[in-house]
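Input: a single structure, listed below in C-alpha cells.
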Amino acid sequence: MSQTLTLIVPGDPEQRTGGYLYDRRITQELRARGWQVRVVGLAGEFPLADDVAAGAMAAALEGLDDGDAVVIDGLALGAVPAAVLPHARRLDLSALVHHPLADETGLDEHARQRLLDSERRALALCRRIIVTSPFTARRLQVLGLSRRKAFVVEPGVAPAELAPAVKARLDGHPEPAREHLLCVASLTPRKGQDLLLAALAGLESTGWCARLSGSTRRDPAFARRIEQQRRCLELEPRVELPGEREPAALEADYAWATVCVLPSRYEGYGMVITEALARGLPVISTTGGALADTLPDGAGLKIPPNDHKALRRALSRWLDEPQLRRALTEGAATWRGRLPSWTDSARRFAQVLEQR
C-alpha cells in the first residue's frame with residue numbers, strides 16, 4: 001500500500017478538542033515517518049448532516065483517484081453514508097471512530113435512531129474500522145454498528161514536566177493554602193460542568209478554587225447556562241471560566257493545578273486524563289464511557305457519571321485527606337512513565353492501514 005493518505009474531518013481541522021488533537025498528532029507522526037498526508041476539512045453541519053455536509057463529502061471523495069487510501073473521521077463519516085457509497089469500492093476507505101454518534105448527550109430518540117442507522121450503513125462501506133479505545137470497540141458491537149473486529153489505536157501523550165504542585169507534594173513541602181481544581185473540556189452537556197458546579201456548591205471545605213477551561217462556542221446555550229449557574233450558586237469568587245485556551249495558556253493551567261477533575265457523562269477515551277498524568281497530576285473522574293479504563297487505579301478517584309453528590313464526596317475526600325492526596329499524587333507520577341507516546345500510536349496506526 002502506498003504511504004499516501006487523505007484524512008477527512010468535519011469542519012476546521014485545527015479545532016481544540018480531543019478528537020481533533022488525536023487527528024493532528026497522528027498526522028504529524030505519520031508525516032515524520034515519511035507518509036504524505038493531506039487533511040481535508042468539510043463544510044456543513046455534523047453529525048446531523050445538512051445538504052452542505054453531504055455535498056462537501058461527495059466533492060472530497062470525487063477528487064480522489066481509484067485505490068487512494070482515505071481515513072474518514074467518524075463524526076463526518078457516520079453522518080453521510082449516501083455520499084460515501086458511490087466511492088466505497090474504488091477507494092481504500094478506513095473509518096476512525098472516537099465514539100459512536102448516537103452516544104452523544106442530549107439526543108432525542110428519533111435523532112439517536114437516525115444516527116445509529118446512518119453510522120451502521122457508513123461503517124459497512126469501510127475496509128477497516130479504527131477506534132481510540134477498547135471501550136469503543138466493544139460499544140460498536142453492543143450497538144450493532146459493526147460485527148467486524150475494530151482495530152484499537154489509543155492516543156499517545158507528549159512528554160511534559162511535572163506540575164509544580166506535584167513536585168512540591170512529592171518533596172514533602174507544606175500543603176498549599178488552597179487546592180487548585182482544574183477542569184479542561186469544552187462547555188457542552190456531555191462534559192458535565194453543570195454537575196461539577198453543583199458538587200462544588202455543596203462543599204463544606206473552603207480550601208479550594210477552580211478553573212473550568214474550555215470553549216464556550218461549541219454549545220453557546222449550555223455555556224450561558226453554566227455562567228448563570230455559577231452566578232446563582234454564588235461561585236463566581238471561586239470558579240473561573242476563562243474560555244478556550246491557547247496552548248501556552250493551557251500549559252499554564254496545568255502548571256497552576258494541584259488536581260484535575262473530569263465530570264463527563266461520557267467519553268470515548270478521555271485524553272485530558274493522560275495529559276494530566278503526563279504532568280503527575282491526579283484526576284477525579286467519572287466512569288462514563290471509556291473513562292473507567294483510561295484512569296489507572298491508584299492515580300485518582302473514580303465516581304459514577306451523572307451523580308453530583310458522588311462527585312462532591314470525592315472532592316471532599318481530596319480536600320480533607322492529606323494522606324490520600326499524597327498517595328494519589330505518587331500514583332499519578334508513577335503512571336507518568338508508562339504512558340504511550342504519539343510515535344507509538346502512529347506506528348500502530350500505520351500498521352493498521354497497511355493491512356489488506
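Chain labels run A, B, ... following the order of the C-alpha cells; each chain numbers its residues from 1, and ligands are numbered from 1 in the order shown.
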
Sort by chain and increasing residue number a table of all residues of range 133-175 of chain A within 12 Å of range 311-324 of chain A, each with its closest pair of atoms and their distance in Å to one decimal, counting only C-alpha atoms, and write it as a Markdown table.
| residue | atom | partner | partner_atom | distance |
| --- | --- | --- | --- | --- |
| A:Arg169 | CA | A:Pro322 | CA | 10.0 |
| A:Leu170 | CA | A:Gln323 | CA | 11.7 |
| A:Gly172 | CA | A:Pro322 | CA | 11.4 |
| A:Pro174 | CA | A:Pro322 | CA | 10.7 |
| A:Glu175 | CA | A:Pro322 | CA | 8.3 |

How would the residues just chosen look if you wrote them out with N, CA and C atoms as a tab-separated table (two decimals), in the first residue's frame?
chain	number	residue	atom	x	y	z
A	169	ARG	N	4.58	18.46	46.45
A	169	ARG	CA	3.94	17.43	47.27
A	169	ARG	C	4.86	16.21	47.42
A	170	LEU	N	5.49	15.81	46.35
A	170	LEU	CA	6.39	14.65	46.42
A	170	LEU	C	7.63	14.95	47.25
A	172	GLY	N	7.63	16.73	49.88
A	172	GLY	CA	7.24	16.91	51.28
A	172	GLY	C	7.12	18.34	51.73
A	174	PRO	N	5.25	21.96	52.60
A	174	PRO	CA	3.96	22.23	53.25
A	174	PRO	C	2.82	22.28	52.24
A	175	GLU	N	1.64	21.85	52.68
A	175	GLU	CA	0.47	21.85	51.80
A	175	GLU	C	0.09	23.28	51.43

Name the residues in contact with range 248-261 of chain A at a cut-off of 7 Å, using only C-alpha atoms, excluding same-chain residues fewer than 5 positions from it; report them as a VMD selection string. chain A and resid 163 to 166 179 to 183 276 281 to 285

In terms of the shortest atom-to-atom distance over only C-alpha atoms, which of A:Ala223, A:Pro189, A:Val9, A:Gly144 is closest to Glu45 in chain A?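 Counting only C-alpha atoms, the residue closest to Glu45 in chain A is A:Val9.
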
Taking the backbone alone, and naming residues the way the document does, which bits of range 28-173 of chain A are alpha helix (DSSP H) by DSSP, as number ranges by chain? A: 28-32, 51-62, 74-77, 81-84, 109-123, 134-142, 164-170

Test item: residues at most 12 Å from Val37 in chain A, only C-alpha atoms, excluding those fewer than 5 positions along its chain, as a list in words: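 Residues meeting the cut-off are Ser2, Gln3, Thr4, Leu5, Thr6, Leu7, Ile8, Asp23, Arg24, Arg25, Ile26, Thr27, Gln28, Glu29, Leu30, Arg31, Ala32, Asp68, Ala69, Val70, Val71 and Ala350 of chain A.
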
With N, CA and C atoms retained, write the just-selected residues as an mmCIF file, in the first residue's frame.
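Written out: out-v3.cif:
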data_model
loop_
_atom_site.group_PDB
_atom_site.id
_atom_site.type_symbol
_atom_site.label_atom_id
_atom_site.label_comp_id
_atom_site.auth_asym_id
_atom_site.auth_seq_id
_atom_site.Cartn_x
_atom_site.Cartn_y
_atom_site.Cartn_z
ATOM 1 N N SER A 2 0.578 2.218 -0.839
ATOM 2 C CA SER A 2 1.310 3.471 -0.897
ATOM 3 C C SER A 2 1.194 4.227 0.422
ATOM 4 N N GLN A 3 2.281 4.909 0.805
ATOM 5 C CA GLN A 3 2.258 5.693 2.038
ATOM 6 C C GLN A 3 1.757 7.099 1.756
ATOM 7 N N THR A 4 0.628 7.145 1.108
ATOM 8 C CA THR A 4 -0.061 8.403 0.821
ATOM 9 C C THR A 4 -1.472 8.280 1.378
ATOM 10 N N LEU A 5 -1.910 9.301 2.081
ATOM 11 C CA LEU A 5 -3.175 9.205 2.802
ATOM 12 C C LEU A 5 -3.923 10.525 2.747
ATOM 13 N N THR A 6 -5.245 10.434 2.609
ATOM 14 C CA THR A 6 -6.126 11.590 2.772
ATOM 15 C C THR A 6 -6.949 11.381 4.033
ATOM 16 N N LEU A 7 -6.906 12.346 4.938
ATOM 17 C CA LEU A 7 -7.700 12.323 6.172
ATOM 18 C C LEU A 7 -8.801 13.357 6.050
ATOM 19 N N ILE A 8 -10.044 12.917 6.187
ATOM 20 C CA ILE A 8 -11.205 13.805 6.051
ATOM 21 C C ILE A 8 -11.843 13.987 7.416
ATOM 22 N N ASP A 23 -6.343 13.507 15.723
ATOM 23 C CA ASP A 23 -6.148 13.511 14.275
ATOM 24 C C ASP A 23 -4.870 14.255 13.894
ATOM 25 N N ARG A 24 -4.627 15.410 14.530
ATOM 26 C CA ARG A 24 -3.443 16.205 14.192
ATOM 27 C C ARG A 24 -2.157 15.495 14.591
ATOM 28 N N ARG A 25 -2.143 14.915 15.788
ATOM 29 C CA ARG A 25 -0.906 14.286 16.245
ATOM 30 C C ARG A 25 -0.580 13.033 15.425
ATOM 31 N N ILE A 26 -1.597 12.259 15.085
ATOM 32 C CA ILE A 26 -1.350 11.101 14.229
ATOM 33 C C ILE A 26 -0.831 11.559 12.866
ATOM 34 N N THR A 27 -1.430 12.609 12.322
ATOM 35 C CA THR A 27 -0.977 13.149 11.040
ATOM 36 C C THR A 27 0.479 13.588 11.119
ATOM 37 N N GLN A 28 0.835 14.315 12.163
ATOM 38 C CA GLN A 28 2.214 14.793 12.313
ATOM 39 C C GLN A 28 3.198 13.625 12.394
ATOM 40 N N GLU A 29 2.840 12.618 13.157
ATOM 41 C CA GLU A 29 3.746 11.486 13.330
ATOM 42 C C GLU A 29 3.857 10.651 12.045
ATOM 43 N N LEU A 30 2.748 10.494 11.330
ATOM 44 C CA LEU A 30 2.825 9.773 10.051
ATOM 45 C C LEU A 30 3.722 10.517 9.071
ATOM 46 N N ARG A 31 3.602 11.820 9.034
ATOM 47 C CA ARG A 31 4.476 12.597 8.149
ATOM 48 C C ARG A 31 5.934 12.433 8.552
ATOM 49 N N ALA A 32 6.192 12.377 9.844
ATOM 50 C CA ALA A 32 7.563 12.170 10.312
ATOM 51 C C ALA A 32 8.092 10.802 9.904
ATOM 52 N N ASP A 68 -6.920 5.148 -3.848
ATOM 53 C CA ASP A 68 -6.348 6.032 -2.834
ATOM 54 C C ASP A 68 -6.773 5.599 -1.432
ATOM 55 N N ALA A 69 -5.857 5.741 -0.490
ATOM 56 C CA ALA A 69 -6.152 5.446 0.912
ATOM 57 C C ALA A 69 -6.788 6.666 1.561
ATOM 58 N N VAL A 70 -7.914 6.450 2.223
ATOM 59 C CA VAL A 70 -8.669 7.537 2.835
ATOM 60 C C VAL A 70 -9.094 7.111 4.238
ATOM 61 N N VAL A 71 -8.837 7.963 5.218
ATOM 62 C CA VAL A 71 -9.374 7.785 6.564
ATOM 63 C C VAL A 71 -10.392 8.893 6.791
ATOM 64 N N ALA A 350 -0.238 3.190 11.437
ATOM 65 C CA ALA A 350 0.310 2.836 10.116
ATOM 66 C C ALA A 350 0.206 1.338 9.861
#

Shell around range 330-343 of chain A at 6 Å using only C-alpha atoms, local window under 4 positions removed, as a ChimeraX atom specification: /A:156-157,277-278,280-282,298-299

Range 239-242 of chain A: which residues within 6 Å, counting only C-alpha atoms, same-chain residues fewer than 2 positions away excluded, as a PyMOL selection string? chain A and resi 210-213+235-236

Go ahead and write the residues just picked, N, CA and C atoms, as a compact mmCIF listing (two decimals), in the first residue's frame.
# COMPACT_ATOMS: atom_id res chain seq x y z
N ALA A 210 -11.30 26.86 41.64
CA ALA A 210 -11.46 26.01 40.46
C ALA A 210 -11.36 26.84 39.19
N ARG A 211 -10.89 26.18 38.14
CA ARG A 211 -10.79 26.81 36.82
C ARG A 211 -11.36 25.82 35.81
N LEU A 212 -12.41 26.25 35.09
CA LEU A 212 -13.06 25.42 34.08
C LEU A 212 -12.68 25.97 32.71
N SER A 213 -11.61 25.43 32.14
CA SER A 213 -11.07 25.93 30.88
C SER A 213 -11.66 25.15 29.72
N LEU A 235 -20.75 31.20 43.09
CA LEU A 235 -19.42 30.60 42.97
C LEU A 235 -18.44 31.48 42.19
N GLU A 236 -18.88 32.65 41.77
CA GLU A 236 -18.02 33.49 40.94
C GLU A 236 -16.67 33.82 41.59

For Arg356 in chain A, please output as a PDB file with C-alpha atoms, in the first residue's frame all residues within 12 Å (counting only C-alpha atoms; exclusion window: fewer than 4 positions along the same chain).
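The result, stored in around.pdb:
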ATOM      1  CA  MET A   1       0.000   0.000   0.000  1.00  0.00           C
ATOM      2  CA  SER A   2       1.310   3.471  -0.897  1.00  0.00           C
ATOM      3  CA  ALA A  69      -6.152   5.446   0.912  1.00  0.00           C
ATOM      4  CA  ASP A  92      -9.408   2.178   0.237  1.00  0.00           C
ATOM      5  CA  LEU A  93     -11.664   3.547   2.992  1.00  0.00           C
ATOM      6  CA  SER A  94     -10.997   3.403   6.729  1.00  0.00           C
ATOM      7  CA  CYS A 126     -15.184   0.820   5.016  1.00  0.00           C
ATOM      8  CA  ARG A 127     -12.423  -1.737   4.635  1.00  0.00           C
ATOM      9  CA  ARG A 128     -11.304  -1.297   8.248  1.00  0.00           C
ATOM     10  CA  GLN A 351       0.355  -0.919  10.727  1.00  0.00           C
ATOM     11  CA  VAL A 352      -3.437  -0.994  10.662  1.00  0.00           C
TER      12      VAL A 352
END

Just list the residues in range 90-299 of chain A DSSP gives strand (DSSP E) on the backbone, as an NGL selection string. :A and (92-97 or 128-131 or 151-152 or 179-184 or 208-213 or 239-243 or 259-262 or 283-286)

Go ahead and write the residues just picked, N, CA and C atoms, as a compact mmCIF listing (two decimals), in the first residue's frame.
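Okay, again36.txt is ready:
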# COMPACT_ATOMS: atom_id res chain seq x y z
N ASP A 92 -9.78 2.98 -0.93
CA ASP A 92 -9.41 2.18 0.24
C ASP A 92 -9.82 2.97 1.47
N LEU A 93 -11.06 2.74 1.94
CA LEU A 93 -11.66 3.55 2.99
C LEU A 93 -11.45 2.93 4.37
N SER A 94 -11.07 3.79 5.32
CA SER A 94 -11.00 3.40 6.73
C SER A 94 -11.80 4.41 7.55
N ALA A 95 -12.50 3.89 8.56
CA ALA A 95 -13.23 4.75 9.50
C ALA A 95 -12.39 4.96 10.74
N LEU A 96 -12.41 6.18 11.27
CA LEU A 96 -11.76 6.49 12.55
C LEU A 96 -12.85 6.94 13.51
N VAL A 97 -13.22 6.07 14.43
CA VAL A 97 -14.36 6.31 15.33
C VAL A 97 -13.85 6.66 16.73
N ARG A 128 -11.74 -1.07 6.86
CA ARG A 128 -11.30 -1.30 8.25
C ARG A 128 -11.86 -0.19 9.14
N ILE A 129 -12.00 -0.51 10.41
CA ILE A 129 -12.50 0.45 11.40
C ILE A 129 -11.45 0.61 12.48
N ILE A 130 -11.04 1.84 12.71
CA ILE A 130 -10.08 2.17 13.76
C ILE A 130 -10.83 2.89 14.87
N VAL A 131 -10.60 2.49 16.12
CA VAL A 131 -11.21 3.14 17.28
C VAL A 131 -10.10 3.55 18.24
N PHE A 151 -9.95 -2.13 15.03
CA PHE A 151 -8.55 -2.01 15.43
C PHE A 151 -8.42 -0.87 16.44
N VAL A 152 -7.85 -1.14 17.59
CA VAL A 152 -7.71 -0.13 18.64
C VAL A 152 -6.36 0.56 18.50
N GLU A 179 -6.38 24.18 47.38
CA GLU A 179 -6.26 23.22 46.30
C GLU A 179 -6.80 23.87 45.02
N HIS A 180 -6.08 23.68 43.93
CA HIS A 180 -6.46 24.25 42.64
C HIS A 180 -7.06 23.14 41.77
N LEU A 181 -8.36 23.22 41.54
CA LEU A 181 -9.09 22.20 40.79
C LEU A 181 -9.22 22.65 39.34
N LEU A 182 -8.68 21.85 38.42
CA LEU A 182 -8.69 22.20 37.00
C LEU A 182 -9.56 21.24 36.22
N CYS A 183 -10.51 21.79 35.45
CA CYS A 183 -11.32 21.01 34.51
C CYS A 183 -11.05 21.54 33.11
N VAL A 184 -10.57 20.68 32.23
CA VAL A 184 -10.27 21.07 30.85
C VAL A 184 -11.25 20.34 29.94
N TRP A 208 -10.25 25.73 48.52
CA TRP A 208 -10.15 25.38 47.11
C TRP A 208 -10.52 26.55 46.22
N CYS A 209 -10.07 26.50 44.99
CA CYS A 209 -10.57 27.34 43.90
C CYS A 209 -10.55 26.47 42.65
N ALA A 210 -11.30 26.86 41.64
CA ALA A 210 -11.46 26.01 40.46
C ALA A 210 -11.36 26.84 39.19
N ARG A 211 -10.89 26.18 38.14
CA ARG A 211 -10.79 26.81 36.82
C ARG A 211 -11.36 25.82 35.81
N LEU A 212 -12.41 26.25 35.09
CA LEU A 212 -13.06 25.42 34.08
C LEU A 212 -12.68 25.97 32.71
N SER A 213 -11.61 25.43 32.14
CA SER A 213 -11.07 25.93 30.88
C SER A 213 -11.66 25.15 29.72
N VAL A 239 -14.71 30.21 41.18
CA VAL A 239 -14.68 29.43 39.94
C VAL A 239 -14.43 30.35 38.75
N GLU A 240 -13.35 30.10 38.04
CA GLU A 240 -13.02 30.85 36.83
C GLU A 240 -13.56 30.12 35.60
N LEU A 241 -14.01 30.92 34.62
CA LEU A 241 -14.45 30.39 33.33
C LEU A 241 -13.70 31.15 32.23
N PRO A 242 -12.44 30.79 31.97
CA PRO A 242 -11.63 31.59 31.05
C PRO A 242 -11.88 31.33 29.57
N GLY A 243 -12.72 30.32 29.23
CA GLY A 243 -12.97 30.02 27.83
C GLY A 243 -11.90 29.13 27.24
N VAL A 259 -4.84 19.27 41.09
CA VAL A 259 -5.60 18.07 40.72
C VAL A 259 -6.48 18.43 39.54
N CYS A 260 -6.76 17.45 38.68
CA CYS A 260 -7.68 17.66 37.56
C CYS A 260 -8.99 16.94 37.83
N VAL A 261 -10.07 17.51 37.32
CA VAL A 261 -11.41 16.97 37.52
C VAL A 261 -12.07 16.82 36.16
N LEU A 262 -12.60 15.63 35.88
CA LEU A 262 -13.28 15.37 34.62
C LEU A 262 -14.68 14.81 34.93
N VAL A 283 -6.30 12.64 39.02
CA VAL A 283 -7.55 13.01 38.35
C VAL A 283 -8.73 12.48 39.15
N ILE A 284 -9.72 13.32 39.35
CA ILE A 284 -11.02 12.90 39.88
C ILE A 284 -11.95 12.82 38.68
N SER A 285 -12.40 11.62 38.35
CA SER A 285 -13.11 11.41 37.09
C SER A 285 -14.33 10.53 37.30
N THR A 286 -15.31 10.72 36.43
CA THR A 286 -16.41 9.77 36.36
C THR A 286 -15.94 8.52 35.62
